[in-house]
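Participant: The structure's right below; bear with me while I get my questions together.
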Amino acid sequence: FTFGDGIPKIAVPIFGASGEEIFASAAVARKEIDRLDEEYKDYPQYKVAVIEWRADYYNNIMEPQNVFNILRHLRSLFQDRIVLFTFRSEEQGGELRHDMVQHRMADIMINVCSSGMIDMVDVEAAAGNYNIARATTKCHEAGIAVILSYHDFNNTPHDSEIEEKLRRMEILGGDILKIATMPKNEFDVRRMMEMNQRVIVDRKKPVTLISMGELGIPSRIRGEETGACLTFASIGRRSAPGQISADELIKRMIRRQKVLLTPTSLYSVT
């Protein structure tokens, strides 16, 4: 799988407070992914590419052997997909206290990166420059790609603020730059879509800008038009407002591909 090649890669999250819950979630995801592969076999570019383990939901995240066992299981089950490790702070929409993410990031990263079981890690751009630099260095030394991410669940910041965040995230070593914001209206959604199309011209790294919530669904579907490299869908439980099922996302992406675009089509969010 190549990011930034014009086709947004689809990621789905896996949840669980215990190993048993995670294994059950993974089994459901595997079954549905195989079904989707068969149903949409004529459109392999839209297959689910990334399996995201939302480790912030796991109660024993600081137990290295437990984490290793889960990663080994996920790697075995999804040998043909990219495995993404994410632990999200409460501030950024996750289950871990922000201070815990900051103080434990290095230990968690060392454990995860040394496992040899993952392909990518999500690092919060709000974690502080020192923590980010240490995390990205550990990941890159292990040959693991880094998604640097930032989430705003209240607003869509001004264009200049978003562009400055992208610049900083690129400098700090992100291999994929992801920003997700909450729109107040359709204008915010159009603005994010237009900005994604614009910033990829100057960025050396792949970018994905997502508008969350129901209003923002078009930004999840139309990555081929905007240049977004990654989009998120759900198999069962959603990990963010506005996420739709992987099945529905693929259907809508295929339907969108078949539409003969007009010069104004990108700016229509209906």
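Chain identifiers are assigned as A, B, and so on, following the order in which chains appear in the structure tokens; residues are numbered from 1 within each chain, and ligands are numbered from 1 in order of appearance.
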Excluding same-chain residues fewer than 2 positions from region 162-172 of chain A, what lies within 12 Å of it counting only C-alpha atoms, as a ChimeraX atom specification?

Facilitator: /A:123-137,146-152,155-160,174-181,191-192,195-196,198-200,202-210

Participant: Could you please take those selected residues and save N, CA and C atoms as a compact mmCIF listing (two decimals), in the first residue's frame?

Facilitator:
# COMPACT_ATOMS: atom_id res chain seq x y z
N VAL A 123 0.96 9.30 16.52
CA VAL A 123 1.51 10.13 17.60
C VAL A 123 0.75 11.45 17.61
N GLU A 124 0.30 11.87 18.79
CA GLU A 124 -0.45 13.12 18.89
C GLU A 124 0.46 14.33 18.76
N ALA A 125 0.07 15.25 17.89
CA ALA A 125 0.84 16.48 17.73
C ALA A 125 0.72 17.38 18.95
N ALA A 126 -0.22 17.08 19.85
CA ALA A 126 -0.40 17.87 21.07
C ALA A 126 0.43 17.33 22.23
N ALA A 127 1.25 16.32 21.98
CA ALA A 127 1.99 15.68 23.07
C ALA A 127 3.23 16.45 23.48
N GLY A 128 3.61 17.49 22.74
CA GLY A 128 4.81 18.25 23.07
C GLY A 128 5.98 17.85 22.19
N ASN A 129 6.76 18.84 21.78
CA ASN A 129 7.84 18.60 20.82
C ASN A 129 8.83 17.54 21.28
N TYR A 130 9.21 17.57 22.56
CA TYR A 130 10.20 16.62 23.07
C TYR A 130 9.66 15.19 22.97
N ASN A 131 8.43 14.98 23.44
CA ASN A 131 7.84 13.64 23.38
C ASN A 131 7.66 13.17 21.94
N ILE A 132 7.24 14.08 21.08
CA ILE A 132 7.04 13.72 19.67
C ILE A 132 8.37 13.31 19.04
N ALA A 133 9.41 14.11 19.28
CA ALA A 133 10.72 13.82 18.68
C ALA A 133 11.25 12.47 19.15
N ARG A 134 11.11 12.17 20.44
CA ARG A 134 11.56 10.87 20.96
C ARG A 134 10.77 9.73 20.33
N ALA A 135 9.45 9.93 20.23
CA ALA A 135 8.60 8.87 19.69
C ALA A 135 8.90 8.62 18.22
N THR A 136 8.99 9.68 17.44
CA THR A 136 9.25 9.50 16.01
C THR A 136 10.62 8.89 15.77
N THR A 137 11.59 9.27 16.59
CA THR A 137 12.94 8.70 16.44
C THR A 137 12.92 7.20 16.70
N VAL A 146 5.18 6.96 10.95
CA VAL A 146 4.49 7.75 11.97
C VAL A 146 3.39 8.61 11.34
N ILE A 147 2.18 8.46 11.87
CA ILE A 147 1.11 9.42 11.58
C ILE A 147 1.13 10.44 12.70
N LEU A 148 1.42 11.69 12.37
CA LEU A 148 1.28 12.76 13.36
C LEU A 148 -0.12 13.32 13.22
N SER A 149 -0.88 13.34 14.32
CA SER A 149 -2.30 13.69 14.23
C SER A 149 -2.66 14.80 15.19
N TYR A 150 -3.66 15.56 14.79
CA TYR A 150 -4.23 16.61 15.65
C TYR A 150 -5.73 16.63 15.46
N HIS A 151 -6.48 16.71 16.57
CA HIS A 151 -7.94 16.73 16.53
C HIS A 151 -8.49 17.93 17.27
N ASP A 152 -9.47 18.58 16.67
CA ASP A 152 -10.19 19.66 17.32
C ASP A 152 -11.67 19.32 17.25
N ASN A 155 -14.09 23.08 16.88
CA ASN A 155 -14.07 24.06 15.81
C ASN A 155 -13.25 23.58 14.61
N THR A 156 -13.29 24.37 13.55
CA THR A 156 -12.37 24.24 12.43
C THR A 156 -11.50 25.49 12.44
N PRO A 157 -10.24 25.38 12.85
CA PRO A 157 -9.38 26.57 12.95
C PRO A 157 -9.21 27.28 11.62
N HIS A 158 -8.70 28.49 11.68
CA HIS A 158 -8.42 29.27 10.49
C HIS A 158 -7.41 28.54 9.61
N ASP A 159 -7.48 28.77 8.32
CA ASP A 159 -6.57 28.10 7.37
C ASP A 159 -5.11 28.26 7.79
N SER A 160 -4.72 29.45 8.16
CA SER A 160 -3.32 29.71 8.49
C SER A 160 -2.87 28.89 9.70
N GLY A 174 6.72 13.63 11.10
CA GLY A 174 5.57 12.86 10.68
C GLY A 174 5.71 12.35 9.25
N ASP A 175 5.38 11.09 9.02
CA ASP A 175 5.41 10.53 7.67
C ASP A 175 4.07 10.75 6.98
N ILE A 176 3.00 10.80 7.76
CA ILE A 176 1.66 11.16 7.30
C ILE A 176 1.14 12.22 8.26
N LEU A 177 0.57 13.29 7.73
CA LEU A 177 0.09 14.39 8.54
C LEU A 177 -1.43 14.39 8.52
N LYS A 178 -2.04 14.25 9.70
CA LYS A 178 -3.50 14.12 9.80
C LYS A 178 -4.07 15.17 10.73
N ILE A 179 -5.05 15.90 10.26
CA ILE A 179 -5.78 16.85 11.09
C ILE A 179 -7.27 16.62 10.90
N ALA A 180 -7.98 16.47 12.02
CA ALA A 180 -9.44 16.28 11.98
C ALA A 180 -10.08 17.37 12.83
N THR A 181 -11.07 18.07 12.26
CA THR A 181 -11.71 19.18 12.95
C THR A 181 -13.22 19.05 12.88
N ARG A 191 -14.01 24.24 3.13
CA ARG A 191 -12.71 24.84 3.38
C ARG A 191 -11.64 23.77 3.64
N MET A 192 -11.98 22.78 4.43
CA MET A 192 -11.02 21.70 4.70
C MET A 192 -10.71 20.91 3.44
N MET A 195 -8.54 23.03 1.23
CA MET A 195 -7.21 23.17 1.80
C MET A 195 -6.38 21.91 1.58
N ASN A 196 -7.00 20.74 1.72
CA ASN A 196 -6.27 19.49 1.47
C ASN A 196 -5.74 19.47 0.04
N ARG A 198 -5.04 21.96 -1.74
CA ARG A 198 -4.02 22.99 -1.92
C ARG A 198 -2.68 22.64 -1.26
N VAL A 199 -2.74 22.12 -0.01
CA VAL A 199 -1.50 21.94 0.74
C VAL A 199 -0.64 20.79 0.22
N ILE A 200 -1.26 19.82 -0.45
CA ILE A 200 -0.45 18.70 -0.93
C ILE A 200 0.51 19.12 -2.03
N ASP A 202 2.54 21.68 -1.81
CA ASP A 202 3.77 22.14 -1.15
C ASP A 202 4.34 21.15 -0.14
N ARG A 203 3.51 20.24 0.35
CA ARG A 203 3.98 19.29 1.36
C ARG A 203 4.74 18.13 0.72
N LYS A 204 5.81 17.72 1.36
CA LYS A 204 6.54 16.54 0.90
C LYS A 204 5.90 15.26 1.44
N LYS A 205 5.13 15.40 2.50
CA LYS A 205 4.52 14.24 3.14
C LYS A 205 3.03 14.16 2.80
N PRO A 206 2.48 12.95 2.73
CA PRO A 206 1.04 12.80 2.49
C PRO A 206 0.22 13.46 3.60
N VAL A 207 -0.91 14.01 3.24
CA VAL A 207 -1.77 14.76 4.17
C VAL A 207 -3.19 14.23 4.10
N THR A 208 -3.86 14.21 5.23
CA THR A 208 -5.30 13.98 5.23
C THR A 208 -5.95 14.96 6.19
N LEU A 209 -6.89 15.75 5.67
CA LEU A 209 -7.66 16.70 6.46
C LEU A 209 -9.10 16.20 6.48
N ILE A 210 -9.63 16.00 7.68
CA ILE A 210 -10.96 15.40 7.84
C ILE A 210 -11.87 16.36 8.59

Participant: Within 6 Å of region 3-19 of chain A, counting only C-alpha atoms, which residues qualify if same-chain residues fewer than 6 places away don't, as an MDAnalysis selection string?

Facilitator: chainID A and resid 25 48:54 57:59 206 223:224 227:234

Participant: Let's see if you can do this: from backbone DSSP, list all helix (DSSP H, G or I) residues in region 77-241 of chain A, as a tab-separated table (two decimals) with N, CA, C and O atoms, in the first residue's frame.

Facilitator:
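Full text of out_15.tsv as output:
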chain	number	residue	atom	x	y	z
A	77	LEU	N	-3.30	-12.23	12.32
A	77	LEU	CA	-4.63	-12.18	11.72
A	77	LEU	C	-4.68	-11.28	10.50
A	77	LEU	O	-5.44	-11.53	9.56
A	90	GLU	N	-7.52	11.79	26.25
A	90	GLU	CA	-8.87	12.32	26.38
A	90	GLU	C	-9.00	13.65	25.64
A	90	GLU	O	-10.01	13.92	24.99
A	91	GLU	N	-7.99	14.48	25.74
A	91	GLU	CA	-7.99	15.79	25.09
A	91	GLU	C	-8.17	15.67	23.59
A	91	GLU	O	-8.78	16.53	22.95
A	92	GLN	N	-7.66	14.58	23.04
A	92	GLN	CA	-7.72	14.37	21.60
A	92	GLN	C	-8.78	13.34	21.20
A	92	GLN	O	-8.73	12.79	20.11
A	98	HIS	N	-4.37	13.00	29.31
A	98	HIS	CA	-3.30	13.62	28.53
A	98	HIS	C	-1.94	13.48	29.22
A	98	HIS	O	-0.93	13.21	28.57
A	99	ASP	N	-1.91	13.66	30.55
A	99	ASP	CA	-0.64	13.58	31.25
A	99	ASP	C	-0.07	12.17	31.19
A	99	ASP	O	1.14	11.98	31.13
A	100	MET	N	-0.95	11.16	31.16
A	100	MET	CA	-0.48	9.78	31.06
A	100	MET	C	0.15	9.54	29.69
A	100	MET	O	1.18	8.87	29.58
A	101	VAL	N	-0.46	10.08	28.65
A	101	VAL	CA	0.11	9.94	27.31
A	101	VAL	C	1.50	10.57	27.26
A	101	VAL	O	2.45	10.01	26.74
A	102	GLN	N	1.61	11.78	27.84
A	102	GLN	CA	2.89	12.47	27.82
A	102	GLN	C	3.96	11.72	28.60
A	102	GLN	O	5.09	11.54	28.12
A	103	HIS	N	3.63	11.26	29.81
A	103	HIS	CA	4.63	10.67	30.68
A	103	HIS	C	4.95	9.22	30.33
A	103	HIS	O	6.04	8.73	30.65
A	104	ARG	N	4.04	8.54	29.67
A	104	ARG	CA	4.24	7.13	29.37
A	104	ARG	C	4.56	6.86	27.90
A	104	ARG	O	4.81	5.73	27.53
A	105	MET	N	4.54	7.90	27.08
A	105	MET	CA	4.70	7.69	25.64
A	105	MET	C	6.00	6.96	25.32
A	105	MET	O	6.02	6.02	24.53
A	106	ALA	N	7.11	7.40	25.92
A	106	ALA	CA	8.40	6.81	25.59
A	106	ALA	C	8.43	5.31	25.90
A	106	ALA	O	8.87	4.50	25.08
A	107	ASP	N	7.94	4.94	27.10
A	107	ASP	CA	7.94	3.53	27.49
A	107	ASP	C	7.06	2.70	26.56
A	107	ASP	O	7.43	1.58	26.16
A	108	ILE	N	5.89	3.23	26.24
A	108	ILE	CA	4.98	2.51	25.35
A	108	ILE	C	5.60	2.36	23.97
A	108	ILE	O	5.54	1.28	23.36
A	109	MET	N	6.20	3.42	23.47
A	109	MET	CA	6.80	3.37	22.13
A	109	MET	C	7.94	2.36	22.06
A	109	MET	O	8.07	1.63	21.08
A	110	ILE	N	8.78	2.35	23.07
A	110	ILE	CA	9.89	1.39	23.09
A	110	ILE	C	9.35	-0.03	23.02
A	110	ILE	O	9.84	-0.88	22.26
A	111	ASN	N	8.33	-0.30	23.81
A	111	ASN	CA	7.73	-1.63	23.85
A	111	ASN	C	7.11	-2.00	22.50
A	111	ASN	O	7.36	-3.08	21.96
A	112	VAL	N	6.32	-1.09	21.96
A	112	VAL	CA	5.60	-1.37	20.72
A	112	VAL	C	6.57	-1.48	19.54
A	112	VAL	O	6.47	-2.39	18.71
A	113	CYS	N	7.51	-0.54	19.46
A	113	CYS	CA	8.43	-0.55	18.32
A	113	CYS	C	9.33	-1.79	18.33
A	113	CYS	O	9.69	-2.31	17.28
A	114	SER	N	9.70	-2.25	19.52
A	114	SER	CA	10.58	-3.41	19.61
A	114	SER	C	9.85	-4.71	19.33
A	114	SER	O	10.49	-5.76	19.15
A	129	ASN	N	6.76	18.84	21.78
A	129	ASN	CA	7.84	18.60	20.82
A	129	ASN	C	8.83	17.54	21.28
A	129	ASN	O	9.27	16.70	20.49
A	130	TYR	N	9.21	17.57	22.56
A	130	TYR	CA	10.20	16.62	23.07
A	130	TYR	C	9.66	15.19	22.97
A	130	TYR	O	10.35	14.28	22.48
A	131	ASN	N	8.43	14.98	23.44
A	131	ASN	CA	7.84	13.64	23.38
A	131	ASN	C	7.66	13.17	21.94
A	131	ASN	O	7.89	11.99	21.63
A	132	ILE	N	7.24	14.08	21.08
A	132	ILE	CA	7.04	13.72	19.67
A	132	ILE	C	8.37	13.31	19.04
A	132	ILE	O	8.45	12.29	18.34
A	133	ALA	N	9.41	14.11	19.28
A	133	ALA	CA	10.72	13.82	18.68
A	133	ALA	C	11.25	12.47	19.15
A	133	ALA	O	11.78	11.68	18.35
A	134	ARG	N	11.11	12.17	20.44
A	134	ARG	CA	11.56	10.87	20.96
A	134	ARG	C	10.77	9.73	20.33
A	134	ARG	O	11.33	8.70	19.94
A	135	ALA	N	9.45	9.93	20.23
A	135	ALA	CA	8.60	8.87	19.69
A	135	ALA	C	8.90	8.62	18.22
A	135	ALA	O	9.04	7.47	17.79
A	136	THR	N	8.99	9.68	17.44
A	136	THR	CA	9.25	9.50	16.01
A	136	THR	C	10.62	8.89	15.77
A	136	THR	O	10.79	8.06	14.87
A	137	THR	N	11.59	9.27	16.59
A	137	THR	CA	12.94	8.70	16.44
A	137	THR	C	12.92	7.20	16.70
A	137	THR	O	13.49	6.41	15.94
A	138	LYS	N	12.25	6.78	17.78
A	138	LYS	CA	12.16	5.36	18.10
A	138	LYS	C	11.46	4.59	16.97
A	138	LYS	O	11.89	3.50	16.58
A	139	CYS	N	10.39	5.17	16.46
A	139	CYS	CA	9.65	4.50	15.39
A	139	CYS	C	10.50	4.37	14.14
A	139	CYS	O	10.57	3.29	13.53
A	140	HIS	N	11.14	5.44	13.74
A	140	HIS	CA	11.92	5.41	12.51
A	140	HIS	C	13.12	4.48	12.63
A	140	HIS	O	13.50	3.83	11.64
A	141	GLU	N	13.72	4.42	13.80
A	141	GLU	CA	14.83	3.48	14.00
A	141	GLU	C	14.38	2.04	13.81
A	141	GLU	O	15.17	1.18	13.39
A	159	ASP	N	-7.48	28.77	8.32
A	159	ASP	CA	-6.57	28.10	7.37
A	159	ASP	C	-5.11	28.26	7.79
A	159	ASP	O	-4.34	27.30	7.74
A	160	SER	N	-4.72	29.45	8.16
A	160	SER	CA	-3.32	29.71	8.49
A	160	SER	C	-2.87	28.89	9.70
A	160	SER	O	-1.72	28.43	9.76
A	161	GLU	N	-3.78	28.68	10.66
A	161	GLU	CA	-3.44	27.87	11.83
A	161	GLU	C	-3.26	26.40	11.45
A	161	GLU	O	-2.34	25.73	11.93
A	162	ILE	N	-4.12	25.91	10.59
A	162	ILE	CA	-4.00	24.53	10.14
A	162	ILE	C	-2.71	24.34	9.34
A	162	ILE	O	-1.97	23.36	9.53
A	163	GLU	N	-2.41	25.28	8.47
A	163	GLU	CA	-1.20	25.18	7.67
A	163	GLU	C	0.04	25.24	8.54
A	163	GLU	O	1.04	24.55	8.27
A	164	GLU	N	0.02	26.03	9.60
A	164	GLU	CA	1.15	26.10	10.52
A	164	GLU	C	1.31	24.78	11.28
A	164	GLU	O	2.44	24.31	11.49
A	165	LYS	N	0.21	24.17	11.66
A	165	LYS	CA	0.28	22.87	12.33
A	165	LYS	C	0.89	21.83	11.40
A	165	LYS	O	1.72	21.01	11.81
A	166	LEU	N	0.48	21.84	10.14
A	166	LEU	CA	1.04	20.89	9.17
A	166	LEU	C	2.54	21.10	9.01
A	166	LEU	O	3.32	20.14	8.94
A	167	ARG	N	2.96	22.36	8.94
A	167	ARG	CA	4.39	22.67	8.79
A	167	ARG	C	5.18	22.12	9.98
A	167	ARG	O	6.22	21.49	9.82
A	168	ARG	N	4.64	22.35	11.19
A	168	ARG	CA	5.31	21.88	12.40
A	168	ARG	C	5.33	20.36	12.45
A	168	ARG	O	6.34	19.75	12.82
A	169	MET	N	4.24	19.72	12.08
A	169	MET	CA	4.17	18.27	12.10
A	169	MET	C	5.16	17.65	11.13
A	169	MET	O	5.77	16.61	11.41
A	170	GLU	N	5.34	18.29	10.00
A	170	GLU	CA	6.30	17.78	9.02
A	170	GLU	C	7.72	17.90	9.56
A	170	GLU	O	8.54	16.97	9.44
A	171	ILE	N	8.04	19.03	10.19
A	171	ILE	CA	9.36	19.25	10.76
A	171	ILE	C	9.66	18.23	11.85
A	171	ILE	O	10.79	17.74	11.99
A	186	GLU	N	-21.41	23.92	6.43
A	186	GLU	CA	-20.87	23.32	5.21
A	186	GLU	C	-19.67	24.09	4.69
A	186	GLU	O	-18.80	23.51	4.02
A	187	PHE	N	-19.61	25.36	4.98
A	187	PHE	CA	-18.45	26.15	4.55
A	187	PHE	C	-17.16	25.61	5.16
A	187	PHE	O	-16.13	25.53	4.49
A	188	ASP	N	-17.21	25.23	6.43
A	188	ASP	CA	-16.02	24.66	7.08
A	188	ASP	C	-15.59	23.37	6.39
A	188	ASP	O	-14.39	23.09	6.24
A	189	VAL	N	-16.56	22.57	5.98
A	189	VAL	CA	-16.24	21.32	5.28
A	189	VAL	C	-15.58	21.62	3.94
A	189	VAL	O	-14.54	21.03	3.60
A	190	ARG	N	-16.17	22.52	3.18
A	190	ARG	CA	-15.58	22.89	1.88
A	190	ARG	C	-14.17	23.44	2.06
A	190	ARG	O	-13.27	23.14	1.28
A	191	ARG	N	-14.01	24.24	3.13
A	191	ARG	CA	-12.71	24.84	3.38
A	191	ARG	C	-11.64	23.77	3.64
A	191	ARG	O	-10.51	23.87	3.13
A	192	MET	N	-11.98	22.78	4.43
A	192	MET	CA	-11.02	21.70	4.70
A	192	MET	C	-10.71	20.91	3.44
A	192	MET	O	-9.55	20.53	3.19
A	193	MET	N	-11.72	20.65	2.63
A	193	MET	CA	-11.50	19.89	1.40
A	193	MET	C	-10.64	20.68	0.42
A	193	MET	O	-9.70	20.14	-0.20
A	194	GLU	N	-10.92	21.95	0.28
A	194	GLU	CA	-10.12	22.80	-0.61
A	194	GLU	C	-8.69	22.92	-0.10
A	194	GLU	O	-7.73	22.90	-0.89
A	195	MET	N	-8.54	23.03	1.23
A	195	MET	CA	-7.21	23.17	1.80
A	195	MET	C	-6.38	21.91	1.58
A	195	MET	O	-5.19	21.98	1.27
A	196	ASN	N	-7.00	20.74	1.72
A	196	ASN	CA	-6.27	19.49	1.47
A	196	ASN	C	-5.74	19.47	0.04
A	196	ASN	O	-4.59	19.11	-0.22
A	197	GLN	N	-6.59	19.89	-0.88
A	197	GLN	CA	-6.19	19.92	-2.28
A	197	GLN	C	-5.02	20.88	-2.50
A	197	GLN	O	-4.12	20.62	-3.29
A	198	ARG	N	-5.04	21.96	-1.74
A	198	ARG	CA	-4.02	22.99	-1.92
A	198	ARG	C	-2.68	22.64	-1.26
A	198	ARG	O	-1.61	22.83	-1.84
A	199	VAL	N	-2.74	22.12	-0.01
A	199	VAL	CA	-1.50	21.94	0.74
A	199	VAL	C	-0.64	20.79	0.22
A	199	VAL	O	0.57	20.78	0.44
A	217	ILE	N	-19.03	14.21	6.46
A	217	ILE	CA	-18.93	12.93	5.75
A	217	ILE	C	-18.35	13.07	4.34
A	217	ILE	O	-17.53	12.23	3.92
A	218	PRO	N	-18.69	14.11	3.56
A	218	PRO	CA	-18.08	14.23	2.23
A	218	PRO	C	-16.55	14.25	2.25
A	218	PRO	O	-15.91	13.74	1.32
A	219	SER	N	-15.96	14.81	3.29
A	219	SER	CA	-14.50	14.85	3.36
A	219	SER	C	-13.90	13.46	3.52
A	219	SER	O	-12.73	13.23	3.17
A	220	ARG	N	-14.69	12.53	4.05
A	220	ARG	CA	-14.21	11.15	4.22
A	220	ARG	C	-14.33	10.35	2.93
A	220	ARG	O	-13.62	9.36	2.75
A	221	ILE	N	-15.22	10.79	2.06
A	221	ILE	CA	-15.53	10.02	0.86
A	221	ILE	C	-14.72	10.48	-0.36
A	221	ILE	O	-14.38	9.67	-1.22
A	223	GLY	N	-11.62	11.72	-1.05
A	223	GLY	CA	-10.18	11.89	-0.99
A	223	GLY	C	-9.49	11.90	-2.34
A	223	GLY	O	-8.44	12.51	-2.50
A	224	GLU	N	-10.07	11.20	-3.30
A	224	GLU	CA	-9.45	11.22	-4.63
A	224	GLU	C	-9.51	12.61	-5.25
A	224	GLU	O	-8.65	12.96	-6.05
A	225	GLU	N	-10.49	13.38	-4.88
A	225	GLU	CA	-10.62	14.74	-5.39
A	225	GLU	C	-9.78	15.73	-4.59
A	225	GLU	O	-9.22	16.67	-5.15
A	226	THR	N	-9.72	15.52	-3.28
A	226	THR	CA	-9.03	16.49	-2.43
A	226	THR	C	-7.55	16.16	-2.24
A	226	THR	O	-6.79	17.02	-1.80

Participant: Run DSSP on the backbone and tell me which residues of region 87-184 of chain A come out as strand (DSSP E); list them as a PyMOL selection string.

Facilitator: chain A and resi 120-124+145-152+176-181

Participant: Given the choices A:Arg72, A:Asp119, A:Glu20, A:Asn60, which gets closest to Phe1 (chain A) if the distance is worked out from only C-alpha atoms?

Facilitator: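 Ranked by minimum distance to Phe1 (chain A), first place goes to A:Asp119.
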